[in-house]
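Asks: My file is entry28.tsv. It has TSV, C-alpha atoms:
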chain	number	residue	atom	x	y	z
A	1	MET	CA	-49.34	-58.22	-73.53
A	2	LYS	CA	-51.78	-56.48	-71.26
A	3	GLY	CA	-49.56	-57.33	-68.28
A	4	LEU	CA	-46.55	-55.75	-69.97
A	5	LYS	CA	-48.45	-52.49	-70.65
A	6	ARG	CA	-49.68	-52.43	-67.09
A	7	SER	CA	-46.12	-52.83	-65.72
A	8	ALA	CA	-44.84	-50.04	-68.02
A	9	SER	CA	-47.62	-47.73	-66.81
A	10	ILE	CA	-46.76	-48.37	-63.15
A	11	LEU	CA	-43.06	-47.78	-63.80
A	12	MET	CA	-43.81	-44.51	-65.63
A	13	SER	CA	-45.96	-43.31	-62.71
A	14	ILE	CA	-43.21	-44.05	-60.22
A	15	LEU	CA	-40.69	-42.12	-62.37
A	16	LEU	CA	-43.01	-39.10	-62.59
A	17	VAL	CA	-43.51	-39.06	-58.80
A	18	PHE	CA	-39.74	-39.25	-58.24
A	19	LEU	CA	-39.10	-36.35	-60.64
A	20	PHE	CA	-41.79	-34.28	-58.93
A	21	VAL	CA	-40.35	-34.86	-55.45
A	22	THR	CA	-36.81	-34.02	-56.62
A	23	GLY	CA	-37.98	-30.77	-58.21
A	24	CYS	CA	-39.76	-29.67	-55.00
A	25	SER	CA	-36.67	-30.36	-52.89
A	26	GLY	CA	-34.49	-28.31	-55.24
A	27	SER	CA	-36.83	-25.33	-55.16
A	28	LYS	CA	-37.06	-25.50	-51.35
A	29	SER	CA	-33.27	-25.46	-51.04
A	30	GLU	CA	-33.05	-22.40	-53.27
A	31	VAL	CA	-35.66	-20.59	-51.16
A	32	ASP	CA	-33.81	-21.42	-47.92
A	33	LEU	CA	-30.51	-20.16	-49.30
A	34	GLY	CA	-32.11	-16.93	-50.41
A	35	SER	CA	-33.61	-16.27	-46.99
A	36	SER	CA	-30.27	-16.86	-45.20
A	37	ALA	CA	-28.20	-14.52	-47.38
A	38	PRO	CA	-26.21	-11.90	-45.37
A	39	SER	CA	-27.87	-8.49	-45.11
A	40	SER	CA	-24.58	-6.54	-44.47
A	41	PRO	CA	-20.83	-6.94	-45.07
A	42	GLN	CA	-20.24	-7.40	-41.34
A	43	GLU	CA	-22.69	-10.32	-41.23
A	44	ALA	CA	-20.97	-11.82	-44.24
A	45	VAL	CA	-17.64	-11.63	-42.40
A	46	ASN	CA	-19.16	-13.22	-39.30
A	47	GLU	CA	-20.65	-16.07	-41.37
A	48	GLU	CA	-17.42	-16.62	-43.24
A	49	TYR	CA	-15.27	-16.55	-40.06
A	50	PRO	CA	-17.59	-17.64	-37.24
A	51	SER	CA	-14.80	-18.44	-34.79
A	52	GLU	CA	-13.10	-15.01	-35.12
A	53	ALA	CA	-16.44	-13.21	-34.80
A	54	GLY	CA	-17.29	-15.12	-31.64
A	55	THR	CA	-13.86	-14.34	-30.17
A	56	ALA	CA	-14.26	-10.63	-30.84
A	57	ALA	CA	-17.68	-10.63	-29.20
A	58	ASP	CA	-16.27	-12.41	-26.17
A	59	MET	CA	-13.43	-9.89	-25.91
A	60	ASP	CA	-15.90	-7.01	-26.03
A	61	SER	CA	-17.94	-8.53	-23.22
A	62	ILE	CA	-14.80	-9.04	-21.14
A	63	GLY	CA	-13.65	-5.49	-21.66
A	64	LYS	CA	-17.00	-4.09	-20.59
A	65	GLY	CA	-17.30	-6.30	-17.53
A	66	PRO	CA	-16.65	-5.13	-13.94
A	67	THR	CA	-13.00	-4.53	-13.08
A	68	SER	CA	-11.34	-5.18	-9.75
A	69	PRO	CA	-10.64	-2.12	-7.56
A	70	LEU	CA	-7.11	-0.79	-7.87
A	71	GLU	CA	-4.99	1.26	-5.51
A	72	PRO	CA	-4.73	4.98	-6.28
A	73	GLU	CA	-2.15	5.74	-8.93
A	74	LYS	CA	-1.23	9.20	-7.67
A	75	VAL	CA	-0.65	9.48	-3.91
A	76	ILE	CA	1.32	12.20	-2.11
A	77	THR	CA	3.03	10.77	0.99
A	78	THR	CA	4.29	12.90	3.86
A	79	ILE	CA	6.14	11.50	6.90
A	80	TYR	CA	6.85	13.28	10.20
A	81	LEU	CA	9.61	11.97	12.50
A	82	ASP	CA	10.96	13.32	15.81
A	83	PHE	CA	14.31	12.17	17.21
A	84	GLU	CA	16.37	12.95	20.28
A	85	THR	CA	20.13	12.51	20.43
A	86	THR	CA	23.06	13.12	22.75
A	87	GLY	CA	25.46	13.77	19.85
A	88	PHE	CA	24.01	16.35	17.51
A	89	GLU	CA	27.03	16.65	15.21
A	90	GLU	CA	27.29	12.88	14.68
A	91	THR	CA	23.55	12.64	14.03
A	92	ASN	CA	23.68	15.45	11.50
A	93	ASP	CA	26.56	13.75	9.67
A	94	GLU	CA	24.69	10.42	9.57
A	95	LEU	CA	21.61	12.13	8.15
A	96	ASN	CA	23.66	13.75	5.38
A	97	LYS	CA	25.19	10.37	4.50
A	98	LEU	CA	21.74	8.77	4.21
A	99	ILE	CA	20.50	11.63	2.03
A	100	GLU	CA	23.43	11.16	-0.32
A	101	LYS	CA	23.10	7.36	-0.30
A	102	TYR	CA	19.45	7.34	-1.39
A	103	LYS	CA	19.83	10.24	-3.86
A	104	ALA	CA	17.49	12.46	-1.87
A	105	TYR	CA	17.83	16.20	-1.34
A	106	VAL	CA	17.22	18.70	1.44
A	107	GLU	CA	14.38	21.07	0.65
A	108	TYR	CA	14.63	23.03	3.91
A	109	SER	CA	16.82	22.96	7.00
A	110	ASN	CA	17.15	25.04	10.15
A	111	ILE	CA	19.39	24.53	13.19
A	112	SER	CA	18.74	26.53	16.34
A	113	TYR	CA	21.48	27.05	18.94
A	114	ASN	CA	19.46	29.02	21.46
A	115	ASN	CA	17.60	26.31	23.39
A	116	TYR	CA	18.74	26.66	27.00
A	117	TYR	CA	17.84	24.26	29.79
A	118	SER	CA	19.33	24.67	33.26
A	119	GLY	CA	22.10	26.88	31.98
A	120	LYS	CA	23.04	24.55	29.09
A	121	SER	CA	22.63	25.18	25.37
A	122	TYR	CA	21.00	22.39	23.33
A	123	ARG	CA	20.69	22.40	19.57
A	124	TYR	CA	17.51	21.70	17.66
A	125	GLY	CA	17.39	20.82	13.97
A	126	GLU	CA	14.50	20.90	11.48
A	127	PHE	CA	14.92	19.19	8.11
A	128	SER	CA	12.61	18.73	5.14
A	129	VAL	CA	13.99	15.93	2.95
A	130	ARG	CA	12.63	14.77	-0.43
A	131	VAL	CA	13.21	11.05	-0.98
A	132	PRO	CA	12.39	9.00	-4.11
A	133	LYS	CA	9.27	6.97	-3.33
A	134	ASP	CA	10.94	3.72	-4.41
A	135	SER	CA	13.58	4.19	-1.69
A	136	ILE	CA	11.45	5.59	1.12
A	137	THR	CA	11.05	2.27	2.98
A	138	SER	CA	14.79	1.60	3.19
A	139	PHE	CA	15.54	5.26	3.96
A	140	LYS	CA	13.05	5.32	6.81
A	141	THR	CA	14.42	2.08	8.25
A	142	GLU	CA	17.99	3.37	8.34
A	143	LEU	CA	16.91	6.58	10.06
A	144	ASN	CA	16.91	4.62	13.34
A	145	ILE	CA	20.65	5.26	13.60
A	146	LEU	CA	19.97	8.97	14.12
A	147	GLY	CA	18.89	8.49	17.72
A	148	ASN	CA	15.87	7.76	19.84
A	149	LEU	CA	12.61	7.97	17.85
A	150	THR	CA	10.01	9.78	19.99
A	151	SER	CA	7.24	10.50	17.48
A	152	GLU	CA	6.15	9.25	14.06
A	153	SER	CA	3.20	9.97	11.76
A	154	THR	CA	2.37	9.45	8.09
A	155	ASN	CA	-0.08	11.28	5.85
A	156	LYS	CA	-1.26	10.13	2.40
A	157	GLN	CA	-3.23	12.29	-0.02
A	158	ASP	CA	-4.89	10.74	-3.08
A	159	VAL	CA	-4.61	13.15	-6.04
A	160	THR	CA	-5.51	10.68	-8.78
A	161	LYS	CA	-8.79	12.42	-9.68
A	162	GLN	CA	-7.15	15.84	-9.61
A	163	TYR	CA	-4.36	14.61	-11.88
A	164	THR	CA	-6.80	12.94	-14.30
A	165	ASP	CA	-9.02	16.03	-14.50
A	166	THR	CA	-6.03	18.28	-15.13
A	167	ASP	CA	-4.67	15.96	-17.82
A	168	SER	CA	-8.08	15.81	-19.54
A	169	ARG	CA	-8.36	19.59	-19.44
A	170	LEU	CA	-4.88	19.86	-20.95
A	171	LYS	CA	-5.86	17.65	-23.89
A	172	VAL	CA	-8.94	19.80	-24.54
A	173	VAL	CA	-6.85	22.96	-24.46
A	174	GLU	CA	-4.27	21.46	-26.83
A	175	THR	CA	-7.03	20.52	-29.28
A	176	LYS	CA	-8.38	24.05	-29.07
A	177	GLU	CA	-4.90	25.40	-29.76
A	178	GLU	CA	-4.58	23.27	-32.89
A	179	ARG	CA	-7.91	24.50	-34.20
A	180	LEU	CA	-6.99	28.13	-33.56
A	181	LEU	CA	-3.70	27.66	-35.39
A	182	ALA	CA	-5.54	26.13	-38.34
A	183	LEU	CA	-7.98	29.05	-38.42
A	184	LEU	CA	-5.13	31.52	-38.10
A	185	GLU	CA	-3.45	30.12	-41.21
A	186	LYS	CA	-6.65	30.60	-43.22
A	187	ALA	CA	-7.54	34.04	-41.82
A	188	GLU	CA	-7.11	36.98	-44.20
A	189	LYS	CA	-8.75	39.93	-42.44
A	190	MET	CA	-6.64	41.79	-39.91
A	191	GLU	CA	-9.39	41.90	-37.27
A	192	ASP	CA	-9.82	38.14	-37.53
A	193	ILE	CA	-6.09	37.59	-37.17
A	194	ILE	CA	-5.92	39.82	-34.09
A	195	ALA	CA	-8.91	38.11	-32.46
A	196	LEU	CA	-7.48	34.65	-33.13
A	197	GLU	CA	-4.06	35.64	-31.79
A	198	ASN	CA	-5.64	36.94	-28.58
A	199	GLN	CA	-7.54	33.72	-28.08
A	200	LEU	CA	-4.42	31.73	-28.91
A	201	SER	CA	-2.35	33.58	-26.30
A	202	GLU	CA	-4.98	32.83	-23.63
A	203	VAL	CA	-5.06	29.16	-24.62
A	204	ILE	CA	-1.26	28.91	-24.53
A	205	TYR	CA	-1.18	30.55	-21.09
A	206	GLU	CA	-3.77	28.07	-19.78
A	207	LYS	CA	-1.89	25.16	-21.35
A	208	GLU	CA	1.36	26.14	-19.63
A	209	ASN	CA	-0.40	26.44	-16.27
A	210	LEU	CA	-1.94	22.99	-16.66
A	211	LYS	CA	1.43	21.50	-17.60
A	212	SER	CA	3.01	23.15	-14.59
A	213	SER	CA	0.30	21.69	-12.33
A	214	LEU	CA	0.93	18.19	-13.70
A	215	ILE	CA	4.69	18.55	-13.23
A	216	THR	CA	4.17	19.69	-9.63
A	217	LEU	CA	1.87	16.75	-8.89
A	218	ASP	CA	4.31	14.30	-10.47
A	219	ASP	CA	7.14	15.70	-8.36
A	220	LYS	CA	5.12	15.42	-5.15
A	221	VAL	CA	4.09	11.86	-6.02
A	222	ASP	CA	7.52	10.66	-7.14
A	223	PHE	CA	9.31	12.13	-4.09
A	224	THR	CA	8.11	11.53	-0.53
A	225	THR	CA	8.53	14.47	1.83
A	226	VAL	CA	10.06	13.51	5.18
A	227	TYR	CA	10.04	16.12	7.98
A	228	ILE	CA	12.76	15.28	10.51
A	229	ASN	CA	13.11	17.06	13.85
A	230	ILE	CA	16.22	16.34	15.93
A	231	GLN	CA	16.43	17.51	19.55
A	232	GLU	CA	19.75	17.40	21.37
A	233	VAL	CA	19.38	16.17	24.95
A	234	GLU	CA	21.69	15.31	27.82
A	235	ARG	CA	20.13	11.90	28.32
A	236	LEU	CA	17.88	9.80	26.09
A	237	SER	CA	14.42	9.15	27.48
A	238	THR	CA	13.54	5.58	28.45
A	239	ALA	CA	10.11	4.65	27.17
A	240	GLU	CA	8.40	1.75	28.92
A	241	THR	CA	5.67	-0.37	27.35
A	242	ILE	CA	3.41	-3.17	28.52
A	243	GLU	CA	6.12	-5.60	27.41
A	244	THR	CA	8.77	-4.06	29.68
A	245	THR	CA	9.83	-6.52	32.38
A	246	PHE	CA	9.90	-5.76	36.10
A	247	ALA	CA	13.68	-6.04	36.21
A	248	THR	CA	14.00	-3.52	33.41
A	249	LYS	CA	11.66	-1.14	35.24
A	250	LEU	CA	13.78	-1.44	38.41
A	251	ALA	CA	16.96	-0.76	36.44
A	252	ASN	CA	15.36	2.24	34.77
A	253	ALA	CA	14.14	3.60	38.11
A	254	PHE	CA	17.60	3.22	39.66
A	255	ASN	CA	19.30	4.91	36.72
A	256	ASN	CA	16.74	7.70	36.71
A	257	SER	CA	17.17	8.31	40.43
A	258	LEU	CA	20.97	8.53	40.06
A	259	PHE	CA	20.61	10.85	37.09
A	260	ASN	CA	18.11	13.09	38.91
A	261	PHE	CA	20.34	13.21	42.01
A	262	LYS	CA	23.38	14.10	39.92
A	263	TYR	CA	21.36	16.62	37.90
A	264	THR	CA	19.94	18.28	41.05
A	265	LEU	CA	23.34	18.41	42.77
A	266	GLU	CA	24.95	19.99	39.72
A	267	ASN	CA	22.19	22.59	39.53
A	268	LEU	CA	22.56	23.43	43.22
A	269	ILE	CA	26.30	23.89	42.86
A	270	ILE	CA	25.85	26.03	39.74
A	271	ALA	CA	23.15	28.08	41.47
A	272	LEU	CA	25.43	28.54	44.48
A	273	ILE	CA	28.24	29.78	42.25
A	274	TYR	CA	25.89	32.20	40.50
A	275	SER	CA	24.66	33.57	43.83
A	276	LEU	CA	28.11	33.63	45.48
A	277	PRO	CA	28.74	37.39	44.97
A	278	PHE	CA	25.35	38.21	46.52
A	279	LEU	CA	26.07	35.86	49.43
A	280	ILE	CA	29.42	37.55	50.07
A	281	ILE	CA	27.84	40.99	50.06
A	282	MET	CA	25.08	39.82	52.37
A	283	ALA	CA	27.68	38.22	54.70
A	284	VAL	CA	29.64	41.48	54.85
A	285	VAL	CA	26.50	43.48	55.56
A	286	VAL	CA	25.45	41.06	58.29
A	287	ALA	CA	28.94	41.08	59.84
A	288	VAL	CA	29.05	44.88	59.90
A	289	GLY	CA	25.57	45.03	61.34
A	290	VAL	CA	26.43	42.58	64.11
A	291	LYS	CA	29.60	44.48	64.95
A	292	VAL	CA	27.78	47.81	65.13
A	293	TYR	CA	25.03	46.27	67.23
A	294	ARG	CA	27.51	44.81	69.72
A	295	LYS	CA	29.40	48.11	69.98
A	296	TYR	CA	26.16	49.98	70.53
A	297	LYS	CA	25.07	47.53	73.20
A	298	LYS	CA	28.45	47.70	74.95
A	299	ASP	CA	28.46	51.50	75.04
A	300	LYS	CA	24.96	51.54	76.39
Mind turning the file's structure into structure tokens?
Replies:
Amino acid sequence: MKGLKRSASILMSILLVFLFVTGCSGSKSEVDLGSSAPSSPQEAVNEEYPSEAGTAADMDSIGKGPTSPLEPEKVITTIYLDFETTGFEETNDELNKLIEKYKAYVEYSNISYNNYYSGKSYRYGEFSVRVPKDSITSFKTELNILGNLTSESTNKQDVTKQYTDTDSRLKVVETKEERLLALLEKAEKMEDIIALENQLSEVIYEKENLKSSLITLDDKVDFTTVYINIQEVERLSTAETIETTFATKLANAFNNSLFNFKYTLENLIIALIYSLPFLIIMAVVVAVGVKVYRKYKKDK
């Protein structure tokens, strides 16, 4: 009997210890849950959707990271080309065909007919052509048919910052215009209305100037300006480089010598014809003088 009471006491003690341990664990869990409760709605969203919150954070870090350098967005390109040709009319026609083909337009042109060399009149043409920037490479390549290219240069001007500053200024002015219009609708006193209208007219004037500046920059960026000078010559120049062969140099020297001989002979004949009346007069004067001198000497 005593053994049975002793066993019941031990079993009761074990049950009390188990209940005590279970109660402590439950209270500890409640404390932990209370301490980890979200302090703001945003934290609650992050805890409820941890994957989306992490993705958003990653995207923010990517957006704020260093970006690779880019080429300027707004660049004004200007090209200068000098040609020489032996057929000015044909060259002018070819240039007009290329302008029409690439949907370009002539901004300025001037043809001079008063360039004289050795008694001959040679024409000289100056052209300012605006070409769409998407077609400038092909247009420039086909210009080789105009004649012998003697000079070429390209100038690029980066106006990205100027364009961005002007656009930002325009947005500020437009915001100011909206505010003035809102104030003008609420104004009741005549002096307030007049003052607001004066300010509004100044803002509108500035806005139109800024818009005009942006349009001008866009036009200069979208269309490349090509300055083309065409000189009519009697013979195309032969340019030699380090790659020119000896045989080619000999052929060029022979052709140049023949051309110079022909050119000099023609000039001498032309000069002789020009001076023929003076030579005839001088011959008559000399003949008369010789005759008089002989008669004088004979009489003496």
Asks: Interatomic distance between CA of Ile145 (chain A) and CA of Phe88 (chain A)?
Replies: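 CA of Phe88 (chain A) lies at a distance of 12.2 Å from CA of Ile145 (chain A).
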Asks: Can you measure CA of Asp158 (chain A) to CA of Ile79 (chain A) for me? One decimal in Å is fine.
Replies: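 Taking CA of Asp158 (chain A) and CA of Ile79 (chain A), their separation equals 14.9 Å.
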Asks: Please list as a ChimeraX atom specification every residue within 10 Å of region 147-153 of chain A, counting all atoms listed in the file and excluding residues in the same chain fewer than 5 positions away.
Replies: /A:78-88,90-91,227-232,236-239
Asks: Which one is closest to Leu98 (chain A): A:Asp299, A:Glu202, A:Glu142, A:Glu185? Count only C-alpha atoms.
Replies: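 Closest candidate: A:Glu142.
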Asks: In Å, how far is it from CA of Phe139 (chain A) to CA of Arg235 (chain A)?
Replies: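 So the answer is 25.7 Å.
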Asks: So which one's closest to Leu180 (chain A), A:Ser201, A:Thr225, A:Gln162, A:Thr77? Using all atoms listed in the file, please.
Replies: A:Ser201
Asks: Compare A:Ile99, A:Val75, A:Val131, A:Val172 by their minimum atom-to-atom distance to Phe223 (chain A), counting only C-alpha atoms, and give me the closest one.
Replies: A:Val131
Asks: So which residues touch region 193-200 of chain A within 9 Å, counting all atoms listed in the file, skipping near sequence neighbours fewer than 2 positions away, as a ChimeraX atom specification?
Replies: /A:176-177,180-181,183-185,187-191,202-205
Asks: Out of A:Leu279, A:Asp167, A:Val129, A:Tyr124, which residue has the shortest atom-to-atom distance to Asn96 (chain A) when counting only C-alpha atoms?
Replies: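 Nearest to Asn96 (chain A): A:Val129.
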Asks: Identify which of the residues A:Ser275, A:Pro72, A:Ser257, A:Pro132 lies closest to Glu100 (chain A), counting all atoms listed in the file when measuring atom-to-atom distances.
Replies: A:Pro132
